[in-house]
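**Q** So here's data.cif, just mmCIF, C-alpha atoms:
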```cif
data_entry
#
loop_
_atom_site.label_atom_id
_atom_site.label_comp_id
_atom_site.auth_asym_id
_atom_site.auth_seq_id
_atom_site.Cartn_x
_atom_site.Cartn_y
_atom_site.Cartn_z
CA MET A 1119 106.68 112.05 90.70
CA TRP A 1120 108.61 112.10 93.99
CA PRO A 1121 111.76 110.00 94.62
CA TYR A 1122 111.08 107.32 97.21
CA HIS A 1123 113.68 106.81 99.95
CA PRO A 1124 112.08 104.56 102.56
CA ASP A 1125 115.07 104.78 104.90
CA LEU A 1126 114.47 108.52 105.28
CA LEU A 1127 110.81 107.95 106.13
CA ALA A 1128 111.28 105.08 108.56
CA LYS A 1129 111.17 107.16 111.74
CA PRO A 1130 107.70 108.34 112.85
CA VAL A 1131 107.61 112.09 113.44
CA PRO A 1132 105.11 114.66 114.79
CA ARG A 1133 102.82 116.70 112.55
CA TYR A 1134 104.08 119.87 114.26
CA THR A 1135 100.86 121.73 114.81
CA SER A 1136 102.83 123.14 117.71
CA TYR A 1137 106.39 123.17 118.94
CA PRO A 1138 107.07 121.79 121.44
CA THR A 1139 104.47 119.14 120.69
CA ALA A 1140 101.77 117.81 123.00
CA ALA A 1141 103.97 114.78 123.64
CA ASP A 1142 106.32 117.07 125.53
CA PHE A 1143 103.74 118.70 127.79
CA GLY A 1144 104.08 118.38 131.54
CA ALA A 1145 102.79 120.04 134.68
CA ILE A 1146 102.66 123.84 134.67
CA PRO A 1147 101.87 126.21 137.57
CA ASN A 1148 98.18 126.81 138.18
CA THR A 1149 98.73 130.53 137.65
CA ALA A 1150 100.55 130.18 134.31
CA LEU A 1151 97.49 130.38 132.06
CA ARG A 1152 95.87 133.17 134.07
CA ASP A 1153 99.03 135.27 133.81
CA GLN A 1154 99.16 134.87 130.02
CA ILE A 1155 95.46 135.70 129.53
CA GLU A 1156 95.77 138.82 131.66
CA GLN A 1157 98.71 139.99 129.52
CA ALA A 1158 97.13 139.23 126.13
CA SER A 1159 96.33 142.18 123.88
CA GLY A 1160 95.68 143.01 120.26
CA ASP A 1161 94.33 140.39 117.87
CA ILE A 1162 93.45 137.00 119.35
CA SER A 1163 91.72 133.84 118.14
CA LEU A 1164 89.26 131.54 119.91
CA TYR A 1165 88.80 127.78 119.57
CA LEU A 1166 85.80 125.96 121.09
CA HIS A 1167 86.00 122.18 121.43
CA ILE A 1168 82.77 120.18 121.18
CA PRO A 1169 83.76 116.63 122.19
CA PHE A 1170 80.69 114.81 120.87
CA CYS A 1171 79.71 112.90 117.73
CA GLU A 1172 76.49 111.13 116.81
CA LYS A 1173 78.61 108.22 115.59
CA ILE A 1174 82.19 107.39 116.59
CA CYS A 1175 84.53 106.44 113.74
CA PHE A 1176 87.07 103.68 114.35
CA TYR A 1177 90.05 105.67 113.05
CA CYS A 1178 89.45 108.85 115.05
CA GLY A 1179 92.02 109.96 117.61
CA CYS A 1180 90.08 113.04 118.73
CA ASN A 1181 88.80 113.58 122.25
CA THR A 1182 85.15 112.79 121.56
CA GLY A 1183 82.25 110.69 122.81
CA ALA A 1184 78.69 109.79 121.87
CA ALA A 1185 76.19 112.67 121.82
CA SER A 1186 73.26 110.41 122.73
CA ARG A 1187 73.51 111.17 126.47
CA ARG A 1188 71.73 114.52 126.47
CA GLN A 1189 72.27 115.28 130.15
CA ARG A 1190 76.03 114.95 129.66
CA VAL A 1191 75.95 117.21 126.60
CA GLU A 1192 73.88 119.87 128.38
CA SER A 1193 76.14 119.75 131.43
CA TYR A 1194 79.20 120.16 129.22
CA LEU A 1195 77.71 123.14 127.39
CA ALA A 1196 76.85 124.80 130.70
CA ALA A 1197 80.49 124.41 131.75
CA LEU A 1198 81.60 125.84 128.41
CA HIS A 1199 79.44 128.91 128.98
CA SER A 1200 80.99 129.31 132.43
CA GLU A 1201 84.48 129.09 130.97
CA ILE A 1202 83.64 131.76 128.39
CA GLY A 1203 82.65 134.08 131.23
CA THR A 1204 85.72 133.24 133.31
CA ILE A 1205 88.25 133.84 130.54
CA SER A 1206 86.59 136.93 129.10
CA ALA A 1207 86.66 138.56 132.57
CA LEU A 1208 90.45 138.11 132.71
CA LEU A 1209 91.17 139.38 129.21
CA PRO A 1210 92.34 143.01 128.81
CA LYS A 1211 89.82 145.34 127.20
CA ASP A 1212 92.05 146.02 124.19
CA ALA A 1213 92.03 142.38 123.10
CA ARG A 1214 90.13 141.94 119.83
CA VAL A 1215 88.83 138.60 118.58
CA ARG A 1216 89.49 138.13 114.86
CA ARG A 1217 89.01 134.36 114.41
CA ILE A 1218 86.58 131.92 116.01
CA ALA A 1219 86.66 128.19 115.27
CA PHE A 1220 84.39 125.39 116.48
CA GLY A 1221 85.95 121.93 116.34
CA GLY A 1222 85.53 118.49 117.80
CA GLY A 1223 84.33 115.87 117.71
CA SER A 1224 81.56 117.23 115.57
CA PRO A 1225 80.09 120.60 116.58
CA ASN A 1226 76.91 119.72 114.69
CA ALA A 1227 76.34 116.86 117.14
CA ILE A 1228 74.78 119.47 119.45
CA LEU A 1229 71.49 121.18 118.65
CA PRO A 1230 71.50 124.20 116.32
CA ALA A 1231 69.95 126.31 119.09
CA GLU A 1232 72.78 125.28 121.45
CA PHE A 1233 75.33 126.34 118.85
CA LEU A 1234 73.64 129.74 118.48
CA ASP A 1235 73.59 130.14 122.27
CA LEU A 1236 77.38 129.77 122.24
CA VAL A 1237 77.65 132.26 119.38
CA ASP A 1238 75.54 134.76 121.36
CA ALA A 1239 77.71 134.21 124.45
CA LEU A 1240 80.86 135.03 122.49
CA HIS A 1241 79.27 138.22 121.16
CA ARG A 1242 78.29 139.26 124.69
CA ASN A 1243 81.59 138.48 126.37
CA PHE A 1244 84.28 139.43 123.86
CA THR A 1245 85.10 142.34 121.58
CA LEU A 1246 84.66 140.86 118.12
CA ASP A 1247 86.43 142.81 115.38
CA HIS A 1248 85.07 141.63 112.00
CA ALA A 1249 85.66 138.09 113.27
CA GLU A 1250 85.79 135.19 110.82
CA TRP A 1251 83.81 132.14 111.93
CA SER A 1252 84.59 128.54 111.02
CA VAL A 1253 83.13 125.17 111.99
CA GLU A 1254 83.94 121.49 111.55
CA LEU A 1255 81.02 119.34 110.41
CA ASP A 1256 80.01 115.70 110.11
CA PRO A 1257 77.84 115.30 106.98
CA ARG A 1258 76.03 112.39 108.65
CA SER A 1259 74.47 114.74 111.22
CA MET A 1260 74.00 117.78 108.99
CA THR A 1261 70.46 119.16 108.69
CA ALA A 1262 68.60 122.08 107.14
CA ASP A 1263 68.21 123.56 110.63
CA TRP A 1264 71.96 123.44 111.10
CA SER A 1265 72.38 125.18 107.76
CA ASP A 1266 70.10 127.96 108.98
CA ALA A 1267 72.13 128.27 112.21
CA ILE A 1268 75.36 128.56 110.23
CA ALA A 1269 73.80 131.34 108.17
CA GLN A 1270 72.60 133.18 111.29
CA ALA A 1271 76.07 132.97 112.83
CA ASN A 1272 77.69 134.33 109.64
CA VAL A 1273 80.01 131.34 109.39
CA THR A 1274 82.08 131.64 106.21
CA ARG A 1275 84.41 128.65 106.54
CA ALA A 1276 83.45 125.02 107.07
CA SER A 1277 85.42 121.78 107.11
CA MET A 1278 83.83 118.41 106.41
CA GLY A 1279 85.19 115.03 107.41
CA VAL A 1280 84.71 113.10 104.18
CA GLN A 1281 87.79 110.80 104.32
CA THR A 1282 86.78 108.61 101.36
CA PHE A 1283 83.92 108.07 98.93
CA ALA A 1284 84.70 104.34 98.62
CA PRO A 1285 81.90 102.37 100.40
CA HIS A 1286 84.14 99.39 101.25
CA CYS A 1287 86.70 101.70 102.90
CA GLN A 1288 83.97 103.62 104.72
CA LYS A 1289 82.61 100.41 106.20
CA VAL A 1290 85.90 99.18 107.61
CA ILE A 1291 86.72 102.54 109.26
CA GLY A 1292 83.22 102.97 110.68
CA ARG A 1293 82.25 106.01 108.63
CA GLU A 1294 79.51 105.05 106.22
CA GLN A 1295 78.02 108.10 104.51
CA PRO A 1296 76.23 107.99 101.14
CA GLU A 1297 77.56 110.32 98.46
CA ALA A 1298 74.19 112.09 98.39
CA LEU A 1299 74.82 113.29 101.96
CA ILE A 1300 77.99 115.08 100.86
CA HIS A 1301 76.20 116.71 97.92
CA GLN A 1302 73.36 117.88 100.17
CA THR A 1303 75.74 119.25 102.80
CA VAL A 1304 77.71 121.24 100.21
CA ALA A 1305 74.46 122.69 98.84
CA TRP A 1306 73.29 123.65 102.34
CA LEU A 1307 76.63 125.30 103.17
CA ARG A 1308 76.73 127.33 99.97
CA ARG A 1309 73.15 128.44 100.58
CA ALA A 1310 74.15 129.49 104.11
CA GLY A 1311 76.87 131.78 102.77
CA VAL A 1312 79.93 129.61 103.40
CA THR A 1313 82.58 130.74 100.94
CA SER A 1314 85.40 128.34 101.87
CA ILE A 1315 84.60 124.64 102.19
CA ASN A 1316 87.33 122.19 103.16
CA PHE A 1317 87.19 118.44 102.54
CA ASP A 1318 89.31 116.18 104.76
CA LEU A 1319 90.38 113.11 102.77
CA MET A 1320 92.60 110.21 103.77
CA TYR A 1321 95.04 107.88 102.07
CA GLY A 1322 96.53 104.73 103.55
CA LEU A 1323 93.10 103.42 104.62
CA PRO A 1324 92.38 99.68 104.91
CA HIS A 1325 91.60 98.05 101.54
CA GLN A 1326 92.11 101.42 99.81
CA SER A 1327 93.51 101.34 96.27
CA GLU A 1328 94.88 104.10 94.08
CA ALA A 1329 91.66 103.84 92.06
CA ASP A 1330 89.65 104.47 95.24
CA LEU A 1331 91.73 107.55 96.01
CA ALA A 1332 91.45 108.81 92.42
CA ASP A 1333 87.66 108.52 92.59
CA SER A 1334 87.53 110.46 95.90
CA LEU A 1335 89.81 113.19 94.56
CA ASP A 1336 87.77 113.56 91.38
CA LYS A 1337 84.46 113.77 93.26
CA THR A 1338 85.92 116.30 95.68
CA LYS A 1339 87.08 118.48 92.79
CA THR A 1340 83.70 118.17 91.06
CA LEU A 1341 81.90 119.26 94.23
CA GLY A 1342 83.98 122.43 94.24
CA ALA A 1343 85.87 122.13 97.52
CA ASP A 1344 87.86 125.33 98.09
CA ARG A 1345 90.38 123.56 100.32
CA ILE A 1346 91.40 119.93 100.54
CA ALA A 1347 93.48 118.20 103.19
CA VAL A 1348 94.77 114.76 102.21
CA PHE A 1349 96.04 113.12 105.39
CA GLY A 1350 97.84 109.83 105.71
CA TYR A 1351 95.85 107.62 108.08
CA ALA A 1352 97.82 107.29 111.32
CA HIS A 1353 97.35 103.76 112.66
CA VAL A 1354 98.39 103.98 116.32
CA PRO A 1355 96.11 101.54 118.23
CA HIS A 1356 98.52 101.66 121.19
CA MET A 1357 97.45 105.29 121.59
CA VAL A 1358 93.91 105.15 120.14
CA PRO A 1359 92.24 101.93 121.39
CA ARG A 1360 89.23 102.24 119.06
CA GLN A 1361 91.60 101.72 116.11
CA LYS A 1362 91.93 98.09 117.17
CA ALA A 1363 88.70 97.54 115.21
CA ILE A 1364 90.67 98.27 112.00
CA PRO A 1365 92.51 95.20 110.62
CA THR A 1366 96.23 95.95 110.45
CA ASP A 1367 96.80 93.46 107.64
CA ALA A 1368 94.40 95.44 105.40
CA LEU A 1369 96.50 98.61 105.53
CA PRO A 1370 98.65 99.65 102.54
CA ASP A 1371 102.39 99.43 103.15
CA THR A 1372 104.71 102.42 103.26
CA GLY A 1373 105.46 102.27 99.55
CA ALA A 1374 101.77 102.26 98.66
CA ARG A 1375 101.13 105.16 101.06
CA PHE A 1376 103.92 107.16 99.43
CA ALA A 1377 102.48 106.47 95.98
CA MET A 1378 99.03 107.64 97.13
CA ALA A 1379 100.44 110.86 98.60
CA SER A 1380 102.24 111.53 95.33
CA GLN A 1381 99.09 110.68 93.37
CA ALA A 1382 97.00 113.17 95.36
CA PHE A 1383 99.59 115.91 94.97
CA GLY A 1384 99.86 115.39 91.24
CA PHE A 1385 96.10 115.21 90.68
CA LEU A 1386 95.17 118.30 92.67
CA THR A 1387 98.01 120.53 91.49
CA GLY A 1388 97.15 119.41 87.97
CA HIS A 1389 93.51 120.42 88.40
CA GLY A 1390 93.82 124.00 89.52
CA TYR A 1391 94.72 123.72 93.21
CA ASP A 1392 97.76 125.33 94.80
CA ALA A 1393 99.84 123.13 97.08
CA VAL A 1394 99.95 124.22 100.71
CA GLY A 1395 102.71 122.09 102.17
CA PHE A 1396 102.66 118.60 100.69
CA ASP A 1397 99.25 117.38 101.90
CA HIS A 1398 97.02 120.50 101.83
CA PHE A 1399 95.62 122.22 98.77
CA ALA A 1400 93.53 125.32 98.05
CA LEU A 1401 92.04 127.06 95.05
CA PRO A 1402 94.19 130.07 94.05
CA GLN A 1403 91.63 132.64 95.24
CA ASP A 1404 91.23 131.03 98.68
CA PRO A 1405 92.92 132.93 101.55
CA LEU A 1406 94.97 129.84 102.45
CA ALA A 1407 96.51 129.71 98.97
CA GLN A 1408 97.08 133.45 99.07
CA ALA A 1409 98.89 133.12 102.40
CA ALA A 1410 101.09 130.33 100.98
CA ARG A 1411 102.01 132.45 97.95
CA GLY A 1412 102.57 135.55 100.07
CA GLY A 1413 104.81 133.86 102.61
CA THR A 1414 102.42 134.44 105.52
CA LEU A 1415 101.25 130.83 105.99
CA ARG A 1416 101.33 129.62 109.62
CA ARG A 1417 100.93 126.43 111.63
CA ASN A 1418 98.71 126.13 114.70
CA PHE A 1419 96.62 123.46 116.39
CA GLN A 1420 94.25 123.38 113.43
CA GLY A 1421 97.07 122.78 110.95
CA PHE A 1422 97.98 125.19 108.16
CA THR A 1423 96.29 128.54 108.60
CA ASP A 1424 96.26 132.11 107.31
CA ASP A 1425 95.63 133.34 110.87
CA PRO A 1426 98.44 135.78 111.79
CA GLY A 1427 97.48 135.91 115.48
CA GLU A 1428 100.02 134.98 118.16
CA VAL A 1429 97.41 134.24 120.85
CA LEU A 1430 94.89 131.40 120.70
CA LEU A 1431 92.46 130.81 123.57
CA GLY A 1432 91.01 127.31 123.85
CA PHE A 1433 87.62 126.49 125.39
CA GLY A 1434 86.41 123.02 126.33
CA ALA A 1435 87.91 119.74 127.47
CA SER A 1436 91.41 119.13 126.02
CA ALA A 1437 91.39 122.46 124.14
CA ILE A 1438 94.81 124.08 123.81
CA HIS A 1439 95.82 127.68 124.48
CA GLY A 1440 98.76 129.09 122.57
CA PHE A 1441 100.94 132.08 123.51
CA PRO A 1442 104.48 132.94 122.41
CA GLY A 1443 105.83 131.90 125.80
CA LEU A 1444 103.35 129.19 126.85
CA ILE A 1445 101.28 126.32 125.53
CA ALA A 1446 98.59 125.13 127.96
CA GLN A 1447 96.03 122.36 127.58
CA ASN A 1448 92.70 122.17 129.37
CA GLU A 1449 91.74 119.16 131.45
CA LYS A 1450 91.14 116.23 129.08
CA ASN A 1451 88.67 114.31 131.23
CA ASN A 1452 85.17 115.52 130.42
CA GLY A 1453 83.85 115.09 133.95
CA ARG A 1454 86.74 116.86 135.68
CA TYR A 1455 86.62 119.65 133.09
CA ARG A 1456 82.89 120.20 133.71
CA MET A 1457 83.37 120.28 137.48
CA MET A 1458 86.24 122.79 137.37
CA ALA A 1459 84.87 125.07 134.64
CA SER A 1460 81.44 125.22 136.29
CA GLN A 1461 83.14 126.53 139.44
CA GLY A 1462 84.75 129.38 137.52
CA LEU A 1463 88.20 127.78 137.49
CA LEU A 1464 90.73 127.64 134.67
CA THR A 1465 91.29 123.95 134.00
CA ALA A 1466 94.75 123.98 132.36
CA SER A 1467 97.51 122.52 134.55
CA HIS A 1468 99.28 120.72 131.69
CA GLY A 1469 101.46 122.25 129.00
CA ILE A 1470 104.91 123.73 128.54
CA ARG A 1471 106.65 127.06 128.92
CA ARG A 1472 108.35 127.98 125.66
CA SER A 1473 111.92 129.16 126.16
CA ALA A 1474 113.69 131.51 123.76
CA GLU A 1475 115.34 128.46 122.21
CA ASP A 1476 111.97 126.73 121.84
CA GLN A 1477 110.60 129.78 120.03
CA MET A 1478 113.63 129.93 117.75
CA ARG A 1479 113.32 126.25 116.86
CA ALA A 1480 109.55 126.62 116.43
CA GLN A 1481 110.14 129.33 113.83
CA VAL A 1482 112.58 127.14 111.91
CA ILE A 1483 110.16 124.20 111.92
CA GLU A 1484 107.26 126.42 110.84
CA ASP A 1485 109.36 127.98 108.07
CA ILE A 1486 110.33 124.52 106.75
CA LEU A 1487 106.73 123.29 106.71
CA CYS A 1488 105.10 126.51 105.46
CA ARG A 1489 107.74 128.04 103.19
CA SER A 1490 110.09 125.13 102.36
CA GLN A 1491 113.03 127.17 103.59
CA ALA A 1492 114.50 128.49 106.81
CA VAL A 1493 117.47 130.58 107.88
CA LEU A 1494 119.43 128.70 110.54
CA SER A 1495 121.24 130.30 113.44
CA PRO A 1496 124.97 129.48 113.71
CA CYS A 1497 124.14 127.25 116.68
CA LEU A 1498 121.51 125.25 114.80
CA TYR A 1499 123.72 125.02 111.72
CA SER A 1500 126.73 123.65 113.62
CA ARG A 1501 124.58 121.19 115.54
CA HIS A 1502 122.46 119.81 112.69
CA TRP A 1503 124.26 120.20 109.35
CA GLN A 1504 125.57 116.64 109.41
CA ALA A 1505 122.06 115.23 109.96
CA LEU A 1506 120.96 117.15 106.84
CA LEU A 1507 123.56 115.51 104.61
CA PRO A 1508 121.47 112.42 103.61
CA PHE A 1509 118.76 114.78 102.34
CA ILE A 1510 121.21 117.11 100.59
CA GLU A 1511 123.09 114.26 98.92
CA ARG A 1512 119.84 112.91 97.43
CA GLY A 1513 118.70 116.29 96.13
CA LEU A 1514 115.88 116.71 98.66
CA ALA A 1515 117.34 119.80 100.33
CA THR A 1516 120.06 122.40 99.84
CA LEU A 1517 122.20 124.51 102.18
CA ASP A 1518 123.38 127.89 100.92
CA GLY A 1519 125.30 129.41 103.77
CA MET A 1520 122.83 129.39 106.64
CA GLN A 1521 119.75 129.05 104.42
CA LEU A 1522 118.14 125.63 104.27
CA SER A 1523 115.77 124.99 101.37
CA ILE A 1524 113.56 122.01 100.59
CA THR A 1525 113.56 121.15 96.89
CA PRO A 1526 110.31 120.24 95.10
CA GLU A 1527 111.43 116.59 95.20
CA GLY A 1528 111.98 116.88 98.95
CA LEU A 1529 108.50 118.13 99.82
CA PRO A 1530 107.22 114.80 101.25
CA TYR A 1531 110.30 114.70 103.50
CA ALA A 1532 109.60 118.11 105.04
CA ARG A 1533 108.27 116.75 108.36
CA THR A 1534 111.26 114.44 108.68
CA ILE A 1535 113.66 117.31 108.00
CA ALA A 1536 111.79 119.57 110.42
CA ALA A 1537 112.11 116.91 113.11
CA LEU A 1538 115.90 117.21 112.95
CA PHE A 1539 115.53 120.56 114.72
CA ASP A 1540 113.27 119.19 117.47
CA ARG A 1541 115.49 118.98 120.54
CA TYR A 1542 112.84 117.04 122.47
CA ARG A 1543 113.00 114.14 120.03
CA GLU A 1544 116.58 113.58 121.13
CA ASP A 1545 115.41 112.79 124.67
CA THR A 1546 112.12 110.92 124.26
CA GLN A 1547 110.95 107.73 122.62
CA GLN A 1548 107.36 108.93 122.16
CA ARG A 1549 105.82 107.20 119.15
CA PHE A 1550 104.21 109.23 116.41
CA SER A 1551 102.54 108.56 113.08
CA SER A 1552 104.27 107.74 109.82
CA ALA A 1553 106.07 110.66 108.18
CA ILE A 1554 103.91 110.18 105.10
#
```
For this file, produce the structure as structure tokens.
**A**
Amino acid sequence: MWPYHPDLLAKPVPRYTSYPTAADFGAIPNTALRDQIEQASGDISLYLHIPFCEKICFYCGCNTGAASRRQRVESYLAALHSEIGTISALLPKDARVRRIAFGGGSPNAILPAEFLDLVDALHRNFTLDHAEWSVELDPRSMTADWSDAIAQANVTRASMGVQTFAPHCQKVIGREQPEALIHQTVAWLRRAGVTSINFDLMYGLPHQSEADLADSLDKTKTLGADRIAVFGYAHVPHMVPRQKAIPTDALPDTGARFAMASQAFGFLTGHGYDAVGFDHFALPQDPLAQAARGGTLRRNFQGFTDDPGEVLLGFGASAIHGFPGLIAQNEKNNGRYRMMASQGLLTASHGIRRSAEDQMRAQVIEDILCRSQAVLSPCLYSRHWQALLPFIERGLATLDGMQLSITPEGLPYARTIAALFDRYREDTQQRFSSAI
């Protein structure tokens, strides 16, 4: 379906859930985050990071650890409660919380009662204005009690890490989960009032065939997922040591990965899903699909989103705060985070101030990824038009005056084209994942 040009996909590029990316973060003043929180107003979003899982998958690059050490979990949650109090005290009274997301790790690695304690703390400390609640879940640790907690919290969006239904692929990536678990989890979530369920799937897994992917896509559709993300597995053992357990010689090559990405796109768009970018999909009535059609789709640290907010406050170890002029990341080390947060301190000393040029380039990159088009400034046009020529000559993009457009055939090259406008990539050799 898509033309394959391996030379244009050879260079690894970021996923651009932010610009500048986390690879470009450095030291920021201790007062930087405080200043931004104290100036925030209007609609804001909250993200709470739960860095625990009952079982650790080999492929996972998230900041997470085993939930079996209860004292560590309880100490972390106590620090998280302290951080909620610290940040809420700094926030202006006219700030209204519209979105709340729990991610990880696996938030359902903690006890349902602990989750509800956090929900209660957010209600007490912030002004919630018809807030939408979402949570990431591991089906392997899902229970009826957790379903009840999700219902009590009025969670309406949930995302499940499914990855693949193929048992032989599950085994080699360390994520064995019987199909019945997925069915039960979907039933529990629907009963709890969740109206938008996302399945995370992967292609490019070890020993994965196109038939394996087809089976996973078909089962996902049959289970009625409202949203589907089909990620290419990023094998970067130099950055994620646990991935060394995955045999490199069992991974599909670039051509096979490209074919799988094309297969997923063709299957899902042919079975009633709208494309959101090239690797996300949503049923037409889902808010994500509506945002894509309406031109209001955004990118943030959770990927594609219909959240229009400009301010995101992050809670927990390694969580990221986003403001128009600043990106700040909390302390990554769990122990140091707990110590600092428990003392009422903000833990973010790492991040980047976003200059006017950064914000301009960020808008161009977001427009390319979310809308397949962007209007270039004269400066960006003069600096980058020659780099666009290989894509234009092969029919993957067009330039009409200052307007850059990605053609339908060029969709899988969108990240590579977006990276042309990333000025930090010109100066660093940071390695990223495959472009597809």
**Q** For A:Gly1221, which residue out of A:His1248, A:Arg1275, A:Lys1362, A:Arg1479 is the nearest one, using only C-alpha atoms?
**A**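 With only C-alpha atoms as the atom set, the closest residue is A:Arg1275.
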**Q** What's the separation between atom CA of A:Ala1239 and atom CA of A:Gly1279, in Å to one decimal place?
**A**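 Computing the Euclidean distance for atom CA of A:Ala1239 and atom CA of A:Gly1279 yields 26.7 Å.
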**Q** Residue by residue, what does the PyMOL selection byres ((chain A and resi 1297) around 10) grab here? Present the result as an NGL selection string.
**A** :A and (1257 or 1280 or 1282-1285 or 1294-1296 or 1298-1302 or 1337)
**Q** Can you give me, as a list in words, the residues this file yields under the PyMOL selection byres ((chain A and resi 1192) around 12)?
**A**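 For this structure, the PyMOL selection byres ((chain A and resi 1192) around 12) resolves to Ile1168, Phe1170, Ala1185, Ser1186, Arg1187, Arg1188, Gln1189, Arg1190, Val1191, Ser1193, Tyr1194, Leu1195, Ala1196, Ala1197, Leu1198, His1199, Ala1227, Ile1228, Leu1229, Ala1231, Glu1232, Phe1233, Asp1235 and Arg1456 of chain A.
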**Q** Mind giving me the straight-line distance from atom CA of A:Ser1436 to atom CA of A:Gln1157 in Å, one decimal?
**A**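 Rounded to one decimal, the two atoms are 22.4 Å apart.
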**Q** Taking into account all atoms listed in the file, which residue in the set A:Thr1204, A:Ser1277, A:Thr1338, A:Gln1481 is nearest to A:Met1458?
**A** A:Thr1204
**Q** With all atoms listed in the file as the atoms that count, which of A:Phe1376, A:Ala1310, A:Gln1403, A:Gly1350 lies nearest to A:Thr1261?
**A**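 Smallest distance to A:Thr1261 is found for A:Ala1310.
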